[in-house]
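Visitor: File name protein-v9.cif; file contents mmCIF, C-alpha atoms and all ligand atoms; full text below.
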data_data
#
loop_
_atom_site.label_atom_id
_atom_site.label_comp_id
_atom_site.auth_asym_id
_atom_site.auth_seq_id
_atom_site.Cartn_x
_atom_site.Cartn_y
_atom_site.Cartn_z
CA MET A 17 65.44 98.48 102.18
CA ALA A 18 69.11 98.48 103.21
CA ASN A 19 69.87 96.19 100.27
CA ILE A 20 68.26 98.61 97.85
CA LEU A 21 70.25 101.55 99.20
CA ASP A 22 73.44 99.48 99.13
CA ALA A 23 73.00 99.12 95.40
CA PHE A 24 73.58 102.87 95.04
CA LYS A 25 76.78 102.93 97.08
CA GLU A 26 80.08 103.23 95.28
CA ASP A 27 82.02 100.05 94.84
CA GLN A 28 83.87 99.65 98.15
CA SER A 29 85.67 96.46 97.15
CA THR A 30 89.38 96.38 97.72
CA THR A 31 91.95 93.90 96.50
CA VAL A 32 93.21 91.52 99.15
CA ILE A 33 96.99 91.78 99.32
CA ASP A 34 98.92 88.59 99.97
CA THR A 35 101.38 89.77 102.63
CA THR A 36 103.01 86.36 102.90
CA ARG A 37 104.70 87.06 99.57
CA LYS A 38 106.87 90.15 100.01
CA MET A 39 108.27 91.90 96.97
CA ARG A 40 111.95 92.85 97.17
CA VAL A 41 112.22 96.27 95.60
CA GLY A 42 115.10 98.52 94.56
CA ILE A 43 115.05 102.16 93.51
CA ILE A 44 117.31 103.40 90.71
CA GLY A 45 117.80 107.17 90.82
CA THR A 46 116.99 108.81 94.16
CA GLY A 47 116.05 112.34 93.09
CA TRP A 48 112.79 114.29 93.09
CA ILE A 49 110.30 111.69 91.86
CA ALA A 50 111.84 108.84 93.83
CA ASP A 51 110.32 110.55 96.90
CA ALA A 52 106.84 109.76 95.58
CA HIS A 53 107.83 106.16 94.79
CA ILE A 54 109.28 105.40 98.20
CA LYS A 55 106.34 106.97 100.04
CA SER A 56 103.96 104.76 98.09
CA TYR A 57 106.08 101.63 98.52
CA LEU A 58 106.08 102.27 102.26
CA ASN A 59 102.27 102.26 102.16
CA GLN A 60 102.24 98.71 100.77
CA PRO A 61 102.18 95.82 103.27
CA ASP A 62 103.95 93.38 100.94
CA VAL A 63 107.08 95.34 100.03
CA GLU A 64 110.60 95.25 101.39
CA ILE A 65 112.81 98.01 100.03
CA VAL A 66 116.21 96.35 99.85
CA ALA A 67 118.41 98.57 97.67
CA GLY A 68 118.90 101.94 96.06
CA ALA A 69 121.41 103.37 93.62
CA ASP A 70 122.32 106.82 92.42
CA LEU A 71 125.19 108.09 90.29
CA ILE A 72 125.91 110.78 92.87
CA PRO A 73 127.88 109.19 95.74
CA GLY A 74 126.01 109.29 99.06
CA LYS A 75 122.74 110.51 97.52
CA ALA A 76 120.91 107.17 97.83
CA ALA A 77 122.04 106.70 101.45
CA ALA A 78 120.85 110.22 102.36
CA PHE A 79 117.55 109.57 100.57
CA PHE A 80 116.72 106.45 102.61
CA LYS A 81 117.83 108.16 105.81
CA LYS A 82 115.48 111.07 105.04
CA HIS A 83 112.62 108.59 104.64
CA GLY A 84 113.55 106.71 107.82
CA VAL A 85 114.16 103.46 105.94
CA GLU A 86 116.91 101.36 107.45
CA GLY A 87 118.88 98.34 106.28
CA VAL A 88 118.84 99.29 102.60
CA LYS A 89 122.00 98.58 100.58
CA THR A 90 123.12 101.69 98.73
CA ASP A 91 126.78 101.17 98.07
CA TYR A 92 126.47 101.11 94.29
CA ALA A 93 128.04 103.39 91.70
CA SER A 94 125.09 103.00 89.29
CA HIS A 95 122.12 100.79 88.40
CA LYS A 96 124.55 98.16 87.06
CA GLU A 97 126.32 97.32 90.32
CA MET A 98 122.97 97.17 92.10
CA LEU A 99 121.42 94.83 89.54
CA ASP A 100 124.60 92.72 89.46
CA ASP A 101 124.31 92.14 93.23
CA GLU A 102 122.69 88.71 93.24
CA SER A 103 122.40 88.74 97.04
CA LEU A 104 119.56 91.28 96.77
CA LYS A 105 117.19 88.82 95.03
CA LEU A 106 115.31 91.76 93.53
CA ASP A 107 111.74 91.22 92.34
CA ALA A 108 111.23 94.72 91.01
CA VAL A 109 112.82 98.12 90.50
CA SER A 110 111.49 101.62 90.12
CA ILE A 111 113.55 103.53 87.57
CA CYS A 112 113.46 107.17 88.61
CA THR A 113 116.38 108.47 86.56
CA TYR A 114 116.34 111.39 84.12
CA ASN A 115 115.06 110.71 80.60
CA ARG A 116 118.40 109.90 78.96
CA GLN A 117 118.92 107.20 81.59
CA HIS A 118 115.60 105.41 81.12
CA ALA A 119 116.47 102.90 78.41
CA GLU A 120 119.80 101.57 79.67
CA PRO A 121 118.79 100.71 83.26
CA ALA A 122 115.44 99.32 82.04
CA ILE A 123 117.14 96.98 79.58
CA TYR A 124 119.72 95.97 82.18
CA ALA A 125 117.04 95.18 84.78
CA LEU A 126 114.83 93.23 82.36
CA ASN A 127 117.85 91.24 81.18
CA LYS A 128 118.43 90.33 84.82
CA GLY A 129 114.84 89.07 85.09
CA VAL A 130 113.64 91.97 87.27
CA ASN A 131 110.21 93.61 86.84
CA VAL A 132 110.41 97.31 85.95
CA LEU A 133 108.32 100.35 86.78
CA LEU A 134 109.83 102.98 84.50
CA GLU A 135 109.08 106.68 84.98
CA LYS A 136 107.58 108.67 82.11
CA PRO A 137 108.39 109.59 79.39
CA PHE A 138 109.12 106.06 78.13
CA THR A 139 112.49 107.07 76.62
CA VAL A 140 113.87 109.88 74.48
CA THR A 141 113.89 108.14 71.08
CA THR A 142 111.67 105.50 69.48
CA GLU A 143 114.73 103.31 68.88
CA GLU A 144 115.46 103.21 72.62
CA ALA A 145 111.84 102.30 73.39
CA VAL A 146 112.01 99.46 70.87
CA GLU A 147 115.20 98.13 72.49
CA VAL A 148 113.56 98.23 75.93
CA MET A 149 110.54 96.35 74.55
CA ARG A 150 112.77 93.70 73.00
CA ALA A 151 114.34 93.14 76.43
CA GLU A 152 110.85 93.06 77.96
CA LYS A 153 109.69 90.45 75.45
CA ALA A 154 112.76 88.27 75.99
CA SER A 155 112.43 88.49 79.79
CA GLY A 156 108.71 87.80 80.12
CA LYS A 157 108.75 90.30 83.01
CA VAL A 158 106.41 93.23 83.71
CA LEU A 159 107.35 96.62 82.30
CA SER A 160 104.95 99.42 83.23
CA ILE A 161 105.40 103.08 82.36
CA GLY A 162 104.71 105.67 85.08
CA PHE A 163 101.60 107.44 83.83
CA GLN A 164 99.72 107.85 87.13
CA PRO A 165 97.09 110.31 85.72
CA ARG A 166 95.57 107.27 83.99
CA LEU A 167 94.44 106.01 87.38
CA ASP A 168 92.33 109.14 87.96
CA ALA A 169 88.60 108.42 87.62
CA ASN A 170 88.18 111.61 85.55
CA MET A 171 90.71 110.39 83.00
CA GLN A 172 89.00 107.01 82.95
CA LYS A 173 85.71 108.81 82.31
CA ILE A 174 87.12 110.20 79.05
CA LYS A 175 87.75 106.67 77.82
CA GLN A 176 84.32 105.53 79.00
CA ILE A 177 82.66 108.40 77.10
CA VAL A 178 84.52 107.54 73.89
CA GLU A 179 83.80 103.83 74.26
CA SER A 180 80.12 104.48 74.96
CA GLY A 181 79.79 105.71 71.38
CA ALA A 182 78.37 109.07 72.56
CA LEU A 183 80.84 110.90 70.32
CA GLY A 184 80.34 108.69 67.25
CA LYS A 185 83.28 108.33 64.91
CA ILE A 186 86.18 110.44 66.10
CA TYR A 187 87.99 112.39 63.41
CA TYR A 188 89.77 115.33 65.04
CA ILE A 189 91.53 115.84 68.37
CA GLN A 190 93.18 118.91 69.77
CA THR A 191 95.35 118.30 72.79
CA GLY A 192 98.26 119.69 74.71
CA GLY A 193 98.65 122.06 77.55
CA GLY A 194 100.82 124.78 78.84
CA ARG A 195 102.26 126.87 81.54
CA ARG A 196 102.85 130.59 81.32
CA ARG A 197 106.10 130.13 83.25
CA GLY A 198 106.78 126.57 84.35
CA ILE A 199 110.19 125.26 83.35
CA PRO A 200 110.94 122.62 86.00
CA THR A 201 114.18 123.68 87.67
CA PRO A 202 113.37 123.54 91.41
CA PHE A 203 116.03 120.87 92.03
CA GLY A 204 118.65 121.72 89.43
CA THR A 205 119.08 121.38 85.70
CA THR A 206 118.46 117.72 84.89
CA PHE A 207 115.20 118.61 83.09
CA ILE A 208 116.78 121.26 80.89
CA GLU A 209 120.16 119.86 79.86
CA ASP A 210 120.30 117.85 76.68
CA GLU A 211 122.64 115.24 78.13
CA THR A 212 120.25 114.36 80.96
CA ALA A 213 116.77 115.25 79.64
CA GLY A 214 117.15 114.87 75.86
CA LEU A 215 113.78 116.56 75.30
CA GLY A 216 111.95 119.31 77.18
CA ALA A 217 108.24 120.17 77.46
CA LEU A 218 107.54 117.95 74.46
CA ALA A 219 108.41 114.77 76.36
CA ASP A 220 107.99 115.89 79.97
CA ILE A 221 104.39 117.08 79.85
CA GLY A 222 103.53 116.41 76.19
CA CYS A 223 103.49 112.67 76.93
CA TYR A 224 100.58 113.23 79.36
CA SER A 225 98.49 115.16 76.83
CA LEU A 226 99.02 112.46 74.26
CA ASP A 227 98.16 109.69 76.71
CA MET A 228 94.98 111.49 77.79
CA VAL A 229 93.49 111.23 74.31
CA LEU A 230 95.28 108.24 72.76
CA ASN A 231 94.38 105.96 75.65
CA ALA A 232 90.76 107.07 75.32
CA ILE A 233 90.60 106.21 71.63
CA GLY A 234 92.52 102.92 71.88
CA TYR A 235 96.00 104.05 70.84
CA PRO A 236 95.75 104.02 67.02
CA LYS A 237 99.04 103.82 65.20
CA PRO A 238 100.60 107.19 64.31
CA LEU A 239 101.39 107.56 60.62
CA THR A 240 102.90 110.99 59.85
CA VAL A 241 103.88 114.09 61.75
CA SER A 242 104.79 117.68 61.03
CA GLY A 243 106.40 119.09 64.13
CA TYR A 244 107.85 122.33 65.43
CA LYS A 245 109.81 123.06 68.59
CA SER A 246 111.49 126.10 70.05
CA ALA A 247 113.36 127.34 73.12
CA PHE A 248 112.76 131.09 73.40
CA PHE A 249 112.30 131.18 77.20
CA GLY A 250 114.66 128.62 78.71
CA THR A 251 117.63 130.18 76.96
CA ARG A 252 117.07 133.66 78.50
CA PRO A 253 119.17 134.45 81.61
CA ASP A 254 116.37 136.73 82.91
CA TYR A 255 114.02 133.72 83.01
CA TYR A 256 115.91 132.51 86.10
CA PRO A 257 116.48 135.54 88.38
CA LYS A 258 118.25 133.36 90.97
CA HIS A 259 120.17 131.21 88.47
CA PRO A 260 120.90 133.15 85.27
CA GLU A 261 123.64 130.57 84.51
CA TYR A 262 120.89 128.00 83.76
CA ALA A 263 120.20 129.75 80.43
CA ALA A 264 123.48 128.58 78.92
CA LYS A 265 122.71 125.01 80.03
CA PHE A 266 119.27 124.93 78.43
CA GLY A 267 119.54 122.40 75.62
CA VAL A 268 115.97 121.20 75.09
CA ASP A 269 112.60 122.60 73.88
CA ASP A 270 110.23 124.72 75.97
CA PHE A 271 107.46 124.76 73.34
CA ALA A 272 106.34 122.31 70.67
CA ALA A 273 103.45 122.00 68.24
CA ALA A 274 102.52 119.34 65.71
CA PHE A 275 99.97 117.98 63.32
CA ILE A 276 99.80 114.18 63.44
CA ARG A 277 97.87 111.73 61.28
CA LEU A 278 96.68 108.55 63.00
CA GLU A 279 95.38 105.28 61.62
CA GLY A 280 91.60 105.38 61.23
CA ASP A 281 91.58 108.77 59.46
CA ILE A 282 92.00 110.74 62.69
CA VAL A 283 94.09 113.90 62.97
CA LEU A 284 95.70 115.19 66.10
CA ASP A 285 96.54 118.84 66.64
CA PHE A 286 99.05 119.17 69.48
CA ARG A 287 100.75 122.01 71.32
CA ILE A 288 102.69 122.04 74.57
CA ALA A 289 104.56 124.70 76.53
CA TRP A 290 106.69 124.94 79.62
CA ALA A 291 106.66 128.68 79.07
CA MET A 292 104.76 131.05 76.76
CA ASN A 293 103.06 134.43 76.65
CA MET A 294 99.59 132.94 77.14
CA ASP A 295 97.67 131.29 79.98
CA THR A 296 96.80 128.10 78.10
CA PRO A 297 97.14 126.94 74.50
CA GLY A 298 93.56 125.67 74.79
CA ASP A 299 91.47 122.87 76.21
CA THR A 300 91.60 119.34 74.89
CA ILE A 301 88.78 118.69 72.44
CA ILE A 302 87.69 115.45 70.82
CA LEU A 303 85.40 115.86 67.83
CA GLY A 304 83.18 113.02 66.73
CA THR A 305 80.30 112.66 64.30
CA GLU A 306 77.74 112.44 67.14
CA GLY A 307 79.28 114.61 69.81
CA GLY A 308 82.25 116.70 70.79
CA LEU A 309 84.00 116.47 74.16
CA ARG A 310 85.71 119.45 75.80
CA ILE A 311 88.21 118.63 78.57
CA PRO A 312 89.27 121.81 80.39
CA SER A 313 92.99 122.33 80.68
CA THR A 314 94.74 123.14 83.95
CA GLU A 315 96.53 126.44 84.52
CA CYS A 316 99.86 124.75 85.13
CA TRP A 317 99.62 121.77 82.82
CA ASN A 318 100.24 118.47 84.58
CA GLY A 319 98.13 116.07 82.57
CA THR A 320 94.91 116.09 84.56
CA VAL A 321 91.31 117.13 83.92
CA GLY A 322 91.00 120.83 84.86
CA GLY A 323 87.24 121.05 85.54
CA PRO A 324 83.85 119.66 84.50
CA MET A 325 83.96 118.21 81.00
CA LYS A 326 81.22 118.95 78.48
CA ILE A 327 79.74 116.91 75.67
CA TYR A 328 78.29 119.02 72.85
CA HIS A 329 75.65 117.03 71.03
CA GLN A 330 72.20 117.10 69.46
CA VAL A 331 69.08 115.77 71.15
CA ALA A 332 65.74 115.70 69.27
CA GLY A 333 67.00 118.36 66.90
CA SER A 334 68.33 120.68 69.64
CA GLN A 335 72.00 121.57 70.15
CA VAL A 336 72.65 120.79 73.82
CA GLU A 337 75.53 120.45 76.21
CA THR A 338 75.87 117.78 78.88
CA GLU A 339 78.16 118.58 81.77
CA ILE A 340 80.19 115.76 83.31
CA PRO A 341 80.88 116.72 86.92
CA VAL A 342 84.39 116.32 88.26
CA ILE A 343 84.68 113.02 90.15
CA PRO A 344 86.25 113.73 93.55
CA MET A 345 89.36 111.73 94.35
CA LYS A 346 88.75 109.16 97.11
CA GLY A 347 90.94 106.42 98.51
CA PRO A 348 94.61 105.89 97.73
CA SER A 349 96.62 108.61 95.98
CA LEU A 350 97.42 108.25 92.29
CA PHE A 351 101.00 107.31 93.19
CA ASP A 352 99.85 104.64 95.63
CA ARG A 353 97.65 103.25 92.86
CA LYS A 354 100.50 103.38 90.36
CA ILE A 355 102.74 101.36 92.70
CA ARG A 356 99.95 98.97 93.75
CA THR A 357 98.79 98.15 90.23
CA PHE A 358 102.41 97.53 89.20
CA LEU A 359 103.02 95.21 92.18
CA ASP A 360 99.79 93.33 91.52
CA ALA A 361 100.81 92.74 87.89
CA CYS A 362 104.23 91.44 89.03
CA LYS A 363 102.74 89.15 91.67
CA ASN A 364 99.87 87.82 89.61
CA GLY A 365 101.62 87.67 86.25
CA THR A 366 98.94 89.91 84.76
CA PRO A 367 99.55 92.57 82.05
CA ALA A 368 101.33 95.80 82.96
CA PRO A 369 98.88 98.51 84.06
CA VAL A 370 100.41 100.95 81.56
CA PRO A 371 101.78 98.70 78.81
CA SER A 372 104.79 99.57 76.70
CA SER A 373 102.90 98.49 73.56
CA GLN A 374 100.69 101.57 73.96
CA ILE A 375 103.31 104.00 75.15
CA LEU A 376 105.49 103.05 72.19
CA TYR A 377 103.06 105.04 70.01
CA ASN A 378 103.17 107.95 72.46
CA GLN A 379 106.97 107.86 72.23
CA ALA A 380 106.97 107.54 68.45
CA ILE A 381 104.88 110.71 68.19
CA ILE A 382 107.17 112.63 70.56
CA ASP A 383 110.26 111.40 68.72
CA GLY A 384 108.58 112.12 65.38
CA ILE A 385 107.80 115.70 66.43
CA ALA A 386 111.44 116.24 67.44
CA LYS A 387 112.81 114.71 64.25
CA SER A 388 110.34 116.53 62.00
CA ALA A 389 111.10 119.81 63.77
CA ASN A 390 114.83 119.30 63.24
CA LEU A 391 114.28 118.58 59.54
CA GLY A 392 111.70 121.36 59.08
CA ARG A 393 109.23 119.13 57.23
CA GLU A 394 106.62 116.42 57.64
CA ILE A 395 107.92 112.87 58.18
CA GLU A 396 106.54 109.37 58.19
CA ILE A 397 106.54 107.65 61.58
CA VAL A 398 108.38 104.36 61.24
CA ILE A 399 108.21 101.90 64.13
CA PRO A 400 110.53 98.88 63.93
CA GLU A 401 109.26 95.38 64.71
CA ILE A 402 109.79 94.33 68.32
N1 LIG A 501 105.29 110.68 87.14
C1 LIG A 501 105.49 111.92 87.55
O1 LIG A 501 104.60 112.59 88.03
C2 LIG A 501 106.86 112.51 87.44
C3 LIG A 501 107.16 113.71 88.09
C4 LIG A 501 108.46 114.19 88.02
C5 LIG A 501 109.43 113.52 87.28
N2 LIG A 501 109.09 112.38 86.61
C6 LIG A 501 110.10 111.67 85.79
O2 LIG A 501 111.02 111.03 86.65
C7 LIG A 501 112.33 111.06 86.07
C8 LIG A 501 113.30 111.60 87.10
O3 LIG A 501 112.93 112.91 87.44
P1 LIG A 501 113.49 113.60 88.76
O4 LIG A 501 112.83 114.90 88.85
O5 LIG A 501 113.42 112.67 89.91
O6 LIG A 501 115.03 113.80 88.34
P2 LIG A 501 116.27 114.07 89.29
O7 LIG A 501 117.32 114.64 88.42
O8 LIG A 501 115.84 114.81 90.52
O9 LIG A 501 116.71 112.61 89.77
C9 LIG A 501 117.25 111.66 88.92
C10 LIG A 501 118.32 110.92 89.68
O10 LIG A 501 118.72 109.77 88.92
C11 LIG A 501 120.12 109.59 89.12
N3 LIG A 501 120.60 108.72 88.02
C12 LIG A 501 120.64 108.99 86.70
N4 LIG A 501 121.09 107.93 86.02
C13 LIG A 501 121.33 106.94 86.93
C14 LIG A 501 121.79 105.59 86.83
N5 LIG A 501 122.09 105.05 85.66
N6 LIG A 501 121.92 104.87 87.97
C15 LIG A 501 121.60 105.41 89.16
N7 LIG A 501 121.16 106.69 89.32
C16 LIG A 501 121.01 107.45 88.21
C17 LIG A 501 120.68 110.98 89.11
O11 LIG A 501 121.95 111.06 89.70
C18 LIG A 501 119.59 111.74 89.90
O12 LIG A 501 119.90 111.77 91.28
C19 LIG A 501 112.23 111.91 84.80
O13 LIG A 501 112.27 111.10 83.68
C20 LIG A 501 110.89 112.62 84.93
O14 LIG A 501 110.25 112.81 83.69
C21 LIG A 501 107.85 111.86 86.71
#
Translate the structure of the given file into structure tokens.
Guide:
Amino acid sequence: MANILDAFKEDQSTTVIDTTRKMRVGIIGTGWIADAHIKSYLNQPDVEIVAGADLIPGKAAAFFKKHGVEGVKTDYASHKEMLDDESLKLDAVSICTYNRQHAEPAIYALNKGVNVLLEKPFTVTTEEAVEVMRAEKASGKVLSIGFQPRLDANMQKIKQIVESGALGKIYYIQTGGGRRRGIPTPFGTTFIEDETAGLGALADIGCYSLDMVLNAIGYPKPLTVSGYKSAFFGTRPDYYPKHPEYAAKFGVDDFAAAFIRLEGDIVLDFRIAWAMNMDTPGDTIILGTEGGLRIPSTECWNGTVGGPMKIYHQVAGSQVETEIPVIPMKGPSLFDRKIRTFLDACKNGTPAPVPSSQILYNQAIIDGIAKSANLGREIEIVIPEI
């Protein structure tokens, strides 16, 4: 009897971690998101954090002190000095720098033969992403991009639904998300200045919306894009009652919309907002010949499933809806999973959990939207050979 009941239990299997092989890890950029990285590294039994670098003198040292981590070398002016320090014998780095500083440290680390966990978005331009991938290819090392929502069972369910064939042939997708007021400036202006961020809502949270649907449908190649972007909120001093001076620094987009054609005769209707006069620009919907899937948005868009999903389909001639209950999160946090899956790929020589080959298309769409918006017309998406 017990055996029968066991068959209905959730899979409790866990990966056995080889603690005899410690990974020597460094952190590049010790700002906001580096907090999440270090907390998750500290939860792993096979990691030694050996170094950290930040452009701001003293910031890395203060960061490790705050997290109670001792014996970490931090006396580096940038990623370069840290990666040049052969005595560290680094196995892997987390790159937690602002968007404009994603490509350069990633290329430098890969050229030094170090595995890289690179925060999202991949880069700012497609050209940068291609350069990073060339370095990845030459190095043979792991490069994974930091899309932790992918490790959420609800996100994985979207892919399972598509792959089950329940939706039939997919031909139209609407995705995106928004915040009524949600420009990320709690820790300063690195998200809103062109020289640090490069792109705004489009890259910061747009990359999640794109990954949600493109991963589900197998990342078809993007072909053309007609994009729009604007900055009507971030540039207003009254948006920031405590910091009206931020308005003059705002050099990115706070809203973007686009119509994208994908290989396989699929069209993608996209809209994203850090700020707008609306609660949400709509749920994500995936239309197929046999069924349509509605994925509720979240109030403050962060790339996750906002409630029970619904499949609209026809059964025995009746139009019916099937609700997919939200799967409660159990076990390690998404960040712990992001770090663990990256470490496992490095140790076992297995493919990156979030491979650059997929996120290249995500980046090419983002870059295409920005370029098309600047030109004011539709453009072809051209992706150079790696
Ligand atoms: N996955 C997520 O959930 C998530 C959440 C927030 C931010 N992010 C991403 O993480 C990245 C960083 O965001 P943040 O909020 O931590 O930014 P931040 O501005 O708080 O921190 C970035 C730090 O990197 C340092 N830096 C920049 N270039 C460097 C270099 N070459 N060498 C060493 N240090 C360098 C800066 O001095 C700064 O301290 C962004 O690209 C963002 O999109 C991801």
Visitor: Out of A:Arg197, A:Asp51, A:Thr36, A:Leu99, which residue has the shortest atom-to-atom distance to Asn293 of chain A when counting only C-alpha atoms?
Guide: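 Nearest candidate to Asn293 of chain A out of A:Arg197, A:Asp51, A:Thr36, A:Leu99: A:Arg197.
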Visitor: By how many Å are atom CA of Met98 of chain A and atom CA of Ala154 of chain A apart?
Guide: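 These atoms are spaced 21.0 Å apart.
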Visitor: Residues near Met149 of chain A, anyone? I mean within 12 Å using all atoms listed in the file, not counting same-chain ones fewer than 2 positions away, as a PyMOL selection string.
Guide: chain A and resi 119-120+122-124+126-127+132+134+138-139+142-147+151-161+371-376+400-402
Visitor: Create the file for the chosen residues now, containing C-alpha atoms and written as a CSV table (one decimal), in the frame of the given file.
Guide:
chain,number,residue,atom,x,y,z
A,119,ALA,CA,116.5,102.9,78.4
A,120,GLU,CA,119.8,101.6,79.7
A,122,ALA,CA,115.4,99.3,82.0
A,123,ILE,CA,117.1,97.0,79.6
A,124,TYR,CA,119.7,96.0,82.2
A,126,LEU,CA,114.8,93.2,82.4
A,127,ASN,CA,117.8,91.2,81.2
A,132,VAL,CA,110.4,97.3,86.0
A,134,LEU,CA,109.8,103.0,84.5
A,138,PHE,CA,109.1,106.1,78.1
A,139,THR,CA,112.5,107.1,76.6
A,142,THR,CA,111.7,105.5,69.5
A,143,GLU,CA,114.7,103.3,68.9
A,144,GLU,CA,115.5,103.2,72.6
A,145,ALA,CA,111.8,102.3,73.4
A,146,VAL,CA,112.0,99.5,70.9
A,147,GLU,CA,115.2,98.1,72.5
A,151,ALA,CA,114.3,93.1,76.4
A,152,GLU,CA,110.8,93.1,78.0
A,153,LYS,CA,109.7,90.4,75.4
A,154,ALA,CA,112.8,88.3,76.0
A,155,SER,CA,112.4,88.5,79.8
A,156,GLY,CA,108.7,87.8,80.1
A,157,LYS,CA,108.8,90.3,83.0
A,158,VAL,CA,106.4,93.2,83.7
A,159,LEU,CA,107.4,96.6,82.3
A,160,SER,CA,105.0,99.4,83.2
A,161,ILE,CA,105.4,103.1,82.4
A,371,PRO,CA,101.8,98.7,78.8
A,372,SER,CA,104.8,99.6,76.7
A,373,SER,CA,102.9,98.5,73.6
A,374,GLN,CA,100.7,101.6,74.0
A,375,ILE,CA,103.3,104.0,75.2
A,376,LEU,CA,105.5,103.0,72.2
A,400,PRO,CA,110.5,98.9,63.9
A,401,GLU,CA,109.3,95.4,64.7
A,402,ILE,CA,109.8,94.3,68.3
Visitor: Taking every listed atom of ligand LIG 501 (chain A) and adding 5 Å to each side, what centre and edge lengths in Å (one decimal) does the axis-aligned box have, as AutoDock Vina command-line options?
Guide:
--center_x 113.3 --center_y 109.9 --center_z 87.5 --size_x 27.5 --size_y 20.0 --size_z 17.6
Visitor: Taking all atoms listed in the file into account, which residues are within 7 Å of ligand LIG 501 (chain A), as a PyMOL selection string?
Guide: chain A and resi 44-50+69-72+75+94-95+112-115+117+121+135-137+162-164+203+206-207+220
Visitor: Using all atoms listed in the file, which of the listed residues (A:Ala386, A:Val88, A:Ile221, A:Leu391) sits closest to Trp290 of chain A?
Guide: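 Checking each of A:Ala386, A:Val88, A:Ile221, A:Leu391 against Trp290 of chain A, counting all atoms listed in the file, the winner is A:Ile221.
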Visitor: Of the candidates A:Thr314, A:Thr141, A:Thr305, A:Ser180, which shows the shortest atom-to-atom distance to Gly384 of chain A, using all atoms listed in the file?
Guide: A:Thr141
Visitor: Counting all atoms listed in the file, figure out which residue out of A:Ile355, A:Val229, A:Ile399, A:Val63 gets nearest to Ile177 of chain A.
Guide: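 Checking each of A:Ile355, A:Val229, A:Ile399, A:Val63 against Ile177 of chain A, counting all atoms listed in the file, the winner is A:Val229.
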Visitor: I'd like the contact shell of segment 271-280 of chain A - 8 Å cut-off, only C-alpha atoms, skipping same-chain residues fewer than 4 positions apart - returned as JSON, numbers by chain.
Guide: {"A": [217, 218, 236, 237, 238, 239, 240, 241, 242, 243, 244, 245, 246, 247, 284, 285, 286, 287, 288, 289, 290, 291, 292, 381, 385]}
Visitor: Between atom CA of Glu315 of chain A and atom CA of Arg195 of chain A, what is the distance, to one decimal in Å?
Guide: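 Result for atom CA of Glu315 of chain A versus atom CA of Arg195 of chain A: 6.5 Å, one decimal.
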Visitor: So what do you get for atom CA of Gln60 of chain A versus atom CA of Ala77 of chain A, distance-wise?
Guide: 21.4 Å
Visitor: Of the candidates A:Ala67, A:Ala108, A:Leu226, A:Ala93, which one gets nearest to Leu359 of chain A if we count only C-alpha atoms?
Guide: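 Checking each of A:Ala67, A:Ala108, A:Leu226, A:Ala93 against Leu359 of chain A, counting only C-alpha atoms, the winner is A:Ala108.
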Visitor: For a quick check of understanding, using all atoms listed in the file, which of A:Ala389, A:Ala169, A:Val321, A:Ala219 has the smallest distance to Asp299 of chain A?
Guide: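 Closest residue, counting all atoms listed in the file: A:Val321.
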Visitor: Can you pull out every residue within 10 Å of Phe351 of chain A, counting all atoms listed in the file, but drop anything in the same chain fewer than 6 positions away, and send it as number ranges by chain?
Guide: A: 52-57, 162-165, 167, 357
